[in-house]
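Asker: My structure is in protein.cif, and what it holds is mmCIF, C-alpha atoms:
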data_structure
#
loop_
_atom_site.label_atom_id
_atom_site.label_comp_id
_atom_site.auth_asym_id
_atom_site.auth_seq_id
_atom_site.Cartn_x
_atom_site.Cartn_y
_atom_site.Cartn_z
CA MET A 1 32.99 0.85 11.56
CA ALA A 2 31.33 -0.79 14.58
CA ASP A 3 31.82 1.24 17.76
CA ILE A 4 31.84 -1.28 20.60
CA ARG A 5 32.85 -0.58 24.19
CA PRO A 6 33.98 -2.79 27.09
CA PHE A 7 32.06 -2.47 30.34
CA PRO A 8 32.30 -3.70 33.96
CA ALA A 9 29.52 -6.30 34.12
CA PHE A 10 27.47 -7.26 37.11
CA ARG A 11 27.89 -11.04 37.26
CA PRO A 12 26.83 -13.85 39.59
CA THR A 13 29.46 -14.76 42.14
CA SER A 14 31.23 -18.12 42.08
CA GLY A 15 28.88 -21.09 41.96
CA GLN A 16 25.74 -18.96 41.61
CA ALA A 17 25.54 -18.53 37.84
CA GLY A 18 23.37 -21.55 37.17
CA LYS A 19 20.89 -20.48 39.85
CA VAL A 20 20.78 -16.83 38.83
CA ALA A 21 20.64 -17.12 35.01
CA SER A 22 17.09 -17.15 33.70
CA PRO A 23 15.32 -17.36 30.36
CA PRO A 24 14.64 -14.00 28.68
CA TYR A 25 11.64 -12.05 29.96
CA ASP A 26 9.67 -12.52 26.75
CA VAL A 27 9.73 -16.32 26.38
CA LEU A 28 7.77 -17.09 29.56
CA SER A 29 4.34 -16.07 30.75
CA SER A 30 4.05 -14.66 34.24
CA ASP A 31 2.56 -17.94 35.46
CA GLU A 32 5.41 -19.95 33.93
CA ALA A 33 7.98 -17.59 35.45
CA ARG A 34 6.31 -17.76 38.86
CA GLU A 35 6.42 -21.54 38.82
CA MET A 36 10.03 -21.65 37.62
CA ALA A 37 11.27 -19.20 40.25
CA ALA A 38 9.10 -20.39 43.16
CA SER A 39 11.87 -22.40 44.82
CA ASN A 40 14.75 -20.20 43.65
CA PRO A 41 14.98 -16.80 45.39
CA VAL A 42 18.06 -15.80 43.34
CA SER A 43 16.58 -16.48 39.91
CA PHE A 44 16.93 -13.41 37.70
CA LEU A 45 13.25 -13.84 36.87
CA HIS A 46 12.70 -11.86 40.09
CA VAL A 47 14.36 -8.94 38.25
CA VAL A 48 13.05 -9.28 34.69
CA LYS A 49 9.52 -10.44 35.65
CA ALA A 50 9.04 -9.05 39.16
CA GLU A 51 5.25 -9.31 38.94
CA ILE A 52 5.78 -12.86 40.18
CA ASP A 53 6.60 -11.40 43.62
CA LEU A 54 3.45 -9.25 43.89
CA ASP A 55 -0.15 -10.06 44.61
CA PRO A 56 -2.49 -10.02 41.59
CA ALA A 57 -3.74 -6.48 42.18
CA GLU A 58 -0.25 -5.00 42.57
CA ALA A 59 1.04 -7.00 39.60
CA LYS A 60 -1.27 -4.97 37.35
CA ASP A 61 0.43 -1.73 38.45
CA CYS A 62 3.44 -1.40 36.15
CA GLU A 63 5.23 1.13 38.35
CA LYS A 64 5.02 -1.21 41.34
CA VAL A 65 6.43 -4.00 39.18
CA TYR A 66 9.39 -1.84 38.10
CA ALA A 67 10.02 -0.76 41.70
CA GLN A 68 9.96 -4.40 42.79
CA SER A 69 12.39 -5.29 39.99
CA ALA A 70 14.79 -2.59 41.18
CA ALA A 71 14.49 -3.70 44.80
CA ASN A 72 15.13 -7.33 43.86
CA PHE A 73 18.21 -6.38 41.85
CA ARG A 74 19.60 -4.23 44.68
CA LYS A 75 19.06 -7.09 47.12
CA MET A 76 21.01 -9.48 44.89
CA VAL A 77 23.90 -7.03 44.87
CA THR A 78 23.70 -6.29 48.60
CA ASP A 79 23.55 -10.01 49.40
CA GLY A 80 26.61 -10.67 47.24
CA VAL A 81 24.74 -12.87 44.78
CA ILE A 82 25.73 -10.52 41.95
CA LEU A 83 28.81 -8.28 42.00
CA GLN A 84 30.23 -5.79 39.53
CA ASP A 85 33.63 -6.37 37.95
CA GLU A 86 36.28 -3.86 38.93
CA GLN A 87 37.38 -2.99 35.40
CA PRO A 88 35.77 -2.84 31.95
CA ALA A 89 35.91 -6.01 29.89
CA PHE A 90 34.48 -7.77 26.90
CA TYR A 91 32.95 -11.17 27.58
CA ILE A 92 32.99 -14.21 25.32
CA TYR A 93 29.68 -16.07 25.64
CA ARG A 94 29.50 -19.66 24.38
CA LEU A 95 26.17 -21.39 23.86
CA THR A 96 26.08 -25.19 23.47
CA ARG A 97 23.14 -27.35 22.45
CA GLY A 98 24.02 -30.94 21.63
CA ASP A 99 26.77 -30.85 18.99
CA HIS A 100 26.14 -27.19 18.17
CA GLN A 101 28.34 -24.44 19.63
CA GLN A 102 28.35 -20.72 18.96
CA PHE A 103 30.66 -18.05 20.35
CA GLY A 104 29.59 -14.44 20.77
CA LEU A 105 31.12 -11.31 22.25
CA ALA A 106 29.19 -9.39 24.90
CA VAL A 107 29.87 -5.71 24.26
CA GLY A 108 28.37 -2.27 24.59
CA CYS A 109 26.87 -1.35 21.20
CA SER A 110 26.32 2.23 20.12
CA VAL A 111 22.87 3.82 20.26
CA ASP A 112 24.04 6.33 17.65
CA GLU A 113 24.85 3.52 15.22
CA TYR A 114 21.35 2.13 15.73
CA VAL A 115 19.87 5.57 15.00
CA GLU A 116 22.11 6.07 11.95
CA GLY A 117 21.32 2.62 10.56
CA SER A 118 24.62 0.75 10.74
CA ILE A 119 22.93 -1.44 13.35
CA LYS A 120 20.20 -2.78 11.11
CA LYS A 121 16.77 -4.07 12.06
CA HIS A 122 14.32 -6.33 10.25
CA GLU A 123 11.18 -6.12 12.40
CA PHE A 124 8.62 -3.55 13.46
CA THR A 125 8.29 -2.96 17.19
CA ARG A 126 5.15 -2.41 19.24
CA ARG A 127 4.91 0.79 21.25
CA ASP A 128 3.49 -0.91 24.35
CA LYS A 129 6.39 -3.37 24.51
CA GLU A 130 8.88 -0.56 23.99
CA ASP A 131 7.21 1.40 26.80
CA ASP A 132 7.56 -1.55 29.15
CA ARG A 133 11.23 -2.33 28.49
CA ALA A 134 12.25 1.33 28.36
CA ARG A 135 10.66 2.06 31.72
CA HIS A 136 12.19 -1.11 33.21
CA MET A 137 15.60 0.02 31.94
CA GLU A 138 15.12 3.56 33.20
CA VAL A 139 14.00 2.61 36.72
CA LEU A 140 16.69 -0.04 37.23
CA GLY A 141 19.47 1.84 35.44
CA ILE A 142 20.72 -1.34 33.79
CA ASN A 143 20.48 -3.46 30.67
CA ALA A 144 19.02 -6.48 32.42
CA GLY A 145 19.13 -8.79 29.40
CA PRO A 146 21.32 -8.83 26.31
CA VAL A 147 20.09 -8.54 22.76
CA LEU A 148 21.40 -10.97 20.15
CA PHE A 149 23.20 -9.40 17.20
CA THR A 150 25.07 -10.84 14.24
CA HIS A 151 27.53 -9.68 11.60
CA ARG A 152 29.02 -11.10 8.44
CA THR A 153 31.89 -13.48 9.00
CA ASN A 154 35.04 -11.76 10.22
CA GLU A 155 38.07 -14.01 10.56
CA ALA A 156 40.01 -11.51 12.67
CA VAL A 157 37.29 -11.57 15.33
CA ARG A 158 37.09 -15.35 15.12
CA ALA A 159 40.85 -15.74 15.54
CA ILE A 160 40.84 -13.60 18.69
CA VAL A 161 37.92 -15.51 20.20
CA ASN A 162 39.46 -18.90 19.33
CA GLY A 163 42.79 -17.85 20.78
CA ILE A 164 41.32 -16.81 24.12
CA THR A 165 38.92 -19.73 24.51
CA GLY A 166 41.59 -22.22 23.45
CA ALA A 167 44.11 -20.91 25.97
CA ARG A 168 42.12 -21.13 29.18
CA GLU A 169 39.02 -22.52 30.80
CA PRO A 170 35.91 -20.31 30.99
CA ASP A 171 35.27 -18.23 34.09
CA VAL A 172 31.68 -19.52 34.15
CA ASP A 173 30.47 -22.85 32.78
CA PHE A 174 27.18 -24.62 33.52
CA ILE A 175 24.35 -26.53 31.88
CA ALA A 176 20.89 -25.08 32.44
CA ASP A 177 17.81 -27.15 33.20
CA ASP A 178 16.90 -27.17 29.49
CA ASP A 179 20.24 -28.85 28.66
CA ILE A 180 21.69 -25.69 27.08
CA GLY A 181 25.31 -25.05 28.04
CA HIS A 182 26.39 -21.51 28.95
CA ALA A 183 30.02 -20.46 29.35
CA VAL A 184 31.64 -17.04 29.80
CA TRP A 185 35.24 -15.89 29.46
CA VAL A 186 36.12 -12.49 30.95
CA VAL A 187 38.40 -10.57 28.56
CA ALA A 188 40.02 -7.70 30.47
CA ASP A 189 43.57 -7.65 29.07
CA GLU A 190 44.18 -4.27 27.47
CA GLY A 191 45.82 -5.82 24.43
CA ASP A 192 42.87 -8.13 23.86
CA LEU A 193 40.41 -5.26 24.28
CA ALA A 194 42.27 -3.16 21.72
CA ALA A 195 42.50 -6.06 19.28
CA ILE A 196 38.79 -6.77 19.49
CA GLN A 197 37.89 -3.11 18.97
CA ALA A 198 40.27 -2.91 16.01
CA ALA A 199 38.72 -6.01 14.44
CA PHE A 200 35.21 -4.61 14.85
CA ALA A 201 36.33 -1.38 13.21
CA ASP A 202 36.35 -3.34 9.93
CA ILE A 203 32.73 -4.47 10.36
CA ASP A 204 30.44 -2.20 8.36
CA ALA A 205 27.10 -3.38 9.71
CA ILE A 206 25.68 -5.25 12.69
CA TYR A 207 22.24 -6.84 12.45
CA VAL A 208 19.59 -7.21 15.14
CA ALA A 209 18.83 -10.91 15.26
CA ASP A 210 16.71 -11.21 18.42
CA GLY A 211 15.80 -8.27 20.64
CA HIS A 212 14.28 -5.47 18.57
CA HIS A 213 12.21 -4.13 21.46
CA ARG A 214 15.15 -4.02 23.87
CA THR A 215 17.24 -2.27 21.21
CA ALA A 216 14.58 0.34 20.49
CA SER A 217 14.06 0.81 24.24
CA ALA A 218 17.79 1.42 24.77
CA HIS A 219 17.51 4.23 22.22
CA ARG A 220 14.59 5.78 24.05
CA VAL A 221 16.31 5.55 27.44
CA ARG A 222 19.48 7.08 26.01
CA ASP A 223 17.45 10.07 24.88
CA ILE A 224 15.79 10.40 28.29
CA MET A 225 19.08 10.25 30.18
CA ARG A 226 20.81 12.56 27.72
CA ASP A 227 18.10 15.19 28.05
CA ARG A 228 18.39 15.05 31.84
CA ASN A 229 22.16 15.52 31.76
CA PRO A 230 23.26 19.13 31.16
CA ASN A 231 26.85 17.94 30.87
CA HIS A 232 26.20 15.21 28.30
CA THR A 233 29.33 14.34 26.31
CA GLY A 234 28.37 11.21 24.38
CA ASP A 235 30.78 9.00 26.33
CA GLU A 236 28.37 8.16 29.16
CA ALA A 237 27.46 4.51 29.67
CA TYR A 238 23.86 5.13 28.59
CA ASN A 239 25.07 5.84 25.04
CA HIS A 240 25.73 2.12 24.59
CA PHE A 241 23.68 -0.98 25.41
CA LEU A 242 24.28 -4.67 26.08
CA ALA A 243 24.47 -7.03 23.11
CA VAL A 244 26.07 -10.38 22.39
CA VAL A 245 27.33 -10.37 18.81
CA PHE A 246 27.77 -13.65 16.90
CA GLN A 247 29.27 -14.53 13.55
CA GLU A 248 26.52 -15.14 10.97
CA ASP A 249 27.64 -18.70 10.24
CA GLU A 250 27.41 -19.76 13.89
CA LEU A 251 23.80 -18.78 14.52
CA LYS A 252 21.13 -21.45 14.53
CA LEU A 253 17.51 -20.78 13.64
CA MET A 254 14.42 -22.93 13.94
CA GLY A 255 11.02 -22.63 12.32
CA TYR A 256 8.45 -20.28 13.81
CA HIS A 257 5.15 -22.09 13.36
CA ARG A 258 1.50 -20.99 13.13
CA VAL A 259 -1.72 -22.42 14.54
CA VAL A 260 -5.17 -21.14 13.57
CA ALA A 261 -8.33 -21.60 15.63
CA ASP A 262 -10.82 -22.29 12.80
CA LEU A 263 -11.21 -22.66 9.05
CA ASN A 264 -13.10 -19.40 8.53
CA GLY A 265 -16.43 -21.20 8.08
CA LEU A 266 -15.11 -23.85 5.70
CA SER A 267 -15.38 -27.59 6.17
CA SER A 268 -12.10 -29.50 6.25
CA GLU A 269 -12.85 -30.88 2.78
CA ASP A 270 -13.54 -27.45 1.31
CA PHE A 271 -10.44 -25.98 2.94
CA LEU A 272 -8.24 -28.77 1.57
CA ALA A 273 -9.73 -28.20 -1.86
CA LYS A 274 -8.99 -24.47 -1.74
CA ALA A 275 -5.45 -25.14 -0.48
CA GLY A 276 -5.00 -27.54 -3.41
CA GLU A 277 -5.93 -24.77 -5.84
CA ILE A 278 -3.00 -22.71 -4.53
CA PHE A 279 -0.33 -25.23 -3.49
CA ASP A 280 0.70 -28.76 -4.31
CA VAL A 281 -0.79 -30.72 -1.40
CA ALA A 282 0.08 -34.30 -0.45
CA PRO A 283 -0.33 -36.40 2.72
CA THR A 284 2.94 -37.05 4.55
CA ASP A 285 4.34 -38.71 7.65
CA GLU A 286 7.01 -36.01 7.99
CA PRO A 287 5.79 -32.87 9.80
CA GLU A 288 8.85 -30.73 9.08
CA PRO A 289 9.24 -29.31 5.55
CA ASP A 290 12.35 -30.21 3.56
CA GLY A 291 13.22 -26.60 2.78
CA HIS A 292 11.88 -23.18 1.92
CA ARG A 293 8.62 -22.62 0.05
CA GLN A 294 7.25 -25.75 1.74
CA TRP A 295 5.18 -26.21 4.90
CA GLY A 296 3.89 -29.05 7.00
CA MET A 297 0.15 -28.72 7.63
CA PHE A 298 -1.66 -30.63 10.39
CA LEU A 299 -5.42 -30.98 9.99
CA ASP A 300 -7.82 -33.51 11.53
CA GLY A 301 -5.02 -35.75 12.75
CA GLN A 302 -3.19 -35.88 9.40
CA TRP A 303 -0.01 -34.16 8.23
CA TYR A 304 0.15 -32.76 4.72
CA ARG A 305 3.00 -31.24 2.73
CA LEU A 306 2.22 -27.90 1.06
CA THR A 307 4.58 -26.79 -1.72
CA ALA A 308 4.37 -23.37 -3.35
CA ARG A 309 4.05 -23.34 -7.12
CA GLY A 310 6.48 -21.37 -9.22
CA GLY A 311 5.07 -18.05 -10.34
CA SER A 312 2.55 -17.83 -7.49
CA PHE A 313 4.74 -15.43 -5.51
CA PRO A 314 7.47 -12.84 -6.27
CA ALA A 315 10.55 -15.01 -5.73
CA ASP A 316 13.02 -12.12 -6.13
CA ASP A 317 11.38 -9.91 -3.51
CA PRO A 318 13.36 -10.20 -0.21
CA VAL A 319 10.13 -9.93 1.82
CA LYS A 320 7.34 -11.28 -0.37
CA GLY A 321 9.49 -14.30 -1.21
CA LEU A 322 9.78 -15.37 2.44
CA ASP A 323 7.88 -18.45 3.59
CA ALA A 324 5.92 -16.45 6.16
CA ALA A 325 4.84 -13.90 3.55
CA ILE A 326 3.93 -16.52 0.95
CA LEU A 327 1.69 -18.47 3.32
CA GLN A 328 0.12 -15.28 4.66
CA ASP A 329 -0.54 -13.77 1.23
CA LEU A 330 -1.76 -16.94 -0.52
CA LEU A 331 -3.60 -18.85 2.22
CA LEU A 332 -3.89 -17.29 5.68
CA ALA A 333 -5.35 -13.98 4.49
CA PRO A 334 -7.54 -14.86 1.48
CA VAL A 335 -8.75 -18.29 2.65
CA LEU A 336 -8.61 -18.26 6.45
CA GLY A 337 -9.31 -14.54 6.85
CA ILE A 338 -6.23 -13.71 8.93
CA GLY A 339 -5.80 -10.10 7.82
CA ASP A 340 -3.27 -8.88 10.38
CA PRO A 341 -1.42 -11.70 12.12
CA ARG A 342 -0.10 -9.22 14.70
CA LYS A 343 -3.59 -8.53 16.01
CA ASP A 344 -5.91 -11.36 14.97
CA PRO A 345 -6.79 -13.49 18.05
CA ARG A 346 -7.53 -16.50 15.83
CA ILE A 347 -3.83 -17.09 15.09
CA ASP A 348 -1.07 -18.04 17.49
CA PHE A 349 2.64 -18.73 17.07
CA VAL A 350 4.71 -21.65 18.32
CA GLY A 351 8.49 -21.43 18.67
CA GLY A 352 10.46 -24.09 16.86
CA SER A 353 11.99 -25.53 20.03
CA ARG A 354 8.57 -26.90 20.99
CA GLY A 355 8.45 -29.07 17.88
CA SER A 356 5.66 -30.67 15.88
CA ALA A 357 4.28 -32.40 18.96
CA GLU A 358 3.22 -29.00 20.30
CA LEU A 359 1.41 -28.25 17.04
CA GLU A 360 -0.48 -31.52 17.31
CA ARG A 361 -1.26 -30.80 20.97
CA ARG A 362 -2.65 -27.36 20.18
CA CYS A 363 -4.83 -28.78 17.43
CA GLY A 364 -6.28 -31.19 19.95
CA LEU A 365 -6.77 -28.42 22.51
CA ASP A 366 -7.85 -25.07 21.06
CA MET A 367 -6.80 -24.87 17.41
CA LYS A 368 -8.01 -26.39 14.15
CA VAL A 369 -5.03 -26.29 11.77
CA ALA A 370 -1.26 -25.92 12.20
CA PHE A 371 1.52 -24.96 9.81
CA ALA A 372 5.13 -26.05 10.39
CA PHE A 373 7.82 -23.82 8.88
CA ALA A 374 11.39 -24.38 7.79
CA PRO A 375 13.84 -22.08 9.59
CA ALA A 376 14.51 -18.69 8.07
CA SER A 377 18.16 -18.09 7.21
CA VAL A 378 20.56 -15.40 8.38
CA ASP A 379 21.08 -14.47 4.71
CA GLN A 380 17.35 -13.77 4.41
CA ILE A 381 17.40 -11.60 7.53
CA MET A 382 20.36 -9.60 6.25
CA ALA A 383 18.81 -9.16 2.80
CA VAL A 384 15.63 -7.75 4.31
CA ALA A 385 17.56 -5.46 6.67
CA ASP A 386 19.87 -4.27 3.87
CA ALA A 387 16.80 -3.40 1.80
CA GLY A 388 15.48 -1.28 4.67
CA ALA A 389 12.43 -3.55 4.85
CA VAL A 390 10.88 -5.66 7.61
CA MET A 391 10.09 -9.34 7.82
CA PRO A 392 6.57 -10.61 8.50
CA PRO A 393 5.82 -10.96 12.23
CA LYS A 394 7.14 -14.05 14.00
CA SER A 395 9.47 -15.07 11.17
CA THR A 396 12.59 -15.97 13.16
CA TRP A 397 13.20 -18.20 16.17
CA PHE A 398 16.78 -18.35 17.40
CA GLU A 399 17.83 -21.33 19.47
CA PRO A 400 19.67 -21.69 21.79
CA LYS A 401 18.80 -18.46 23.57
CA LEU A 402 20.93 -16.23 25.75
CA ARG A 403 20.14 -16.15 29.46
CA SER A 404 19.46 -13.04 31.49
CA GLY A 405 21.45 -12.33 34.65
CA LEU A 406 24.78 -13.76 33.54
CA LEU A 407 25.93 -10.35 32.31
CA VAL A 408 24.23 -7.14 33.36
CA ARG A 409 25.37 -3.74 32.13
CA SER A 410 24.99 -0.51 34.11
CA LEU A 411 23.74 2.62 32.36
CA THR A 412 25.46 4.90 34.86
CA ASP A 413 28.87 3.35 35.65
#
Go ahead and express the file in the form of structure tokens.
Answerer:
Amino acid sequence: MADIRPFPAFRPTSGQAGKVASPPYDVLSSDEAREMAASNPVSFLHVVKAEIDLDPAEAKDCEKVYAQSAANFRKMVTDGVILQDEQPAFYIYRLTRGDHQQFGLAVGCSVDEYVEGSIKKHEFTRRDKEDDRARHMEVLGINAGPVLFTHRTNEAVRAIVNGITGAREPDVDFIADDDIGHAVWVVADEGDLAAIQAAFADIDAIYVADGHHRTASAHRVRDIMRDRNPNHTGDEAYNHFLAVVFQEDELKLMGYHRVVADLNGLSSEDFLAKAGEIFDVAPTDEPEPDGHRQWGMFLDGQWYRLTARGGSFPADDPVKGLDAAILQDLLLAPVLGIGDPRKDPRIDFVGGSRGSAELERRCGLDMKVAFAFAPASVDQIMAVADAGAVMPPKSTWFEPKLRSGLLVRSLTD
């Protein structure tokens, strides 16, 4: 049973949504965020990446950054840029990219269900990133950005969403500067709220798709706020956190690619020879692999197709049979010397939305070899999570991405 709760969201006022909504905090560097928000004083980047409003010395002081974030959020509310709804609601969030559409429900998800394991994860988190998001959450008293969750197909939920979105126009609808469409329907009718909660009661598990650090941080902040509250009941707003939950068959993933700075002392010819001992290797004009257990490899201006050989990896293992694990275990570690891809400075990761052109650019700039991946599947993510295991780092890239600032959830109201 999935325990979801409606909430009164802070939302941009009429006509402001496109200006306020920003990319998530973790897909932009501080310099990129500063440039993007330079001419837009109401961009939510001023809340999720407030270092852009401080001088370089102050920007290194995390507490000053969090205080600036809180001040910027309060100013948006005081100025009427963002206002809180008067009553709790669920919110249907539609993402559109080209011909692709996906409909999710913005809800309050239960911290207890995350702790107990019915909200399932598939990645490790880093303590420093948890520290940052937890402190940001604690100082501001809000969930500033939603996490992206998924669940197995539920036709009752789909019927409710289709009925509401088919009956009326969205309350918010705009196309962002990256050509991604964002639309929101406010669902405040008591009958609709009850129907949605009843439908979710039949969902046994919810899966973290994108946002493991924000989810873990919500758990930590819940514990902090609970311990400070002598009258804690379990019904306080901090016991839930902001997520947008999508049906599994509506999510779209892209490959999460790798670039490596050198060949670990090998010449290009020797490296190709070693790769050919492990994989089937052939030149190609197509950078993107045709499917799983294949990779595009860019080296010295030429694309190659790598194909894993049967029996060279444990195909039935939900983790070791993943493309990221196969390449890491058979090539990146033993041949290129990348022992821990989370920490090794010689490897970098390129999100699928940047495409093969970015891999070629990086190889002409600061890297030697690139590997293009096929997208992971939602089935693979669920299989890993159901096994209580974790995927290799940087295995999933979801696109299109949710924007921050369209829906903000208070931890106190």
Asker: For the provided coordinates, the residues matched by the PyMOL selection byres ((chain A and resi 115-118) around 7) should be stated as a PyMOL selection string.
Answerer: chain A and resi 111-114+119-120+204-206
Asker: Evaluate the PyMOL selection byres ((chain A and resi 300-305) around 10) here and jot the selected residues down as a PyMOL selection string.
Answerer: chain A and resi 268+272+279-290+294-299+306-307+360+363-364+368-372
Asker: If I put a ball of radius 6 Å at (-6.4, -20.1, -0.5) in the file's coordinates, which residues poke into it when counting all atoms listed in the file, written as a list in words?
Answerer: Lys274, Ala275, Ile278, Leu330, Leu331, Pro334 and Val335 of chain A
Asker: Extract, using only C-alpha atoms, all DNA, RNA and protein residues at most 6 Å from Val65 (chain A), discarding same-chain residues fewer than 2 positions from it, and format them as a list in words.
Answerer: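 The neighbour list is Ala50, Glu51, Cys62, Glu63, Ala67 and Gln68 of chain A.
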Asker: Export C-alpha atoms of the chosen residues as a tab-separated table (two decimals), keeping the file's coordinate frame?
Answerer:
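Written out: part_33.tsv:
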chain	number	residue	atom	x	y	z
A	50	ALA	CA	9.04	-9.05	39.16
A	51	GLU	CA	5.25	-9.31	38.94
A	62	CYS	CA	3.44	-1.40	36.15
A	63	GLU	CA	5.23	1.13	38.35
A	67	ALA	CA	10.02	-0.76	41.70
A	68	GLN	CA	9.96	-4.40	42.79
Asker: Using all atoms listed in the file, which residue out of A:Val245, A:Leu54, A:Val221, A:Val260 lies closest to Arg133 (chain A)?
Answerer: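 The answer is A:Val221, which sits nearest to Arg133 (chain A).
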Asker: List the neighbours of region 348-359 of chain A out to 7 Å using all atoms listed in the file; skip same-chain residues closer than 2 positions along the sequence, and give me the result as a ChimeraX atom specification.
Answerer: /A:254-260,287,346,361-363,370,397
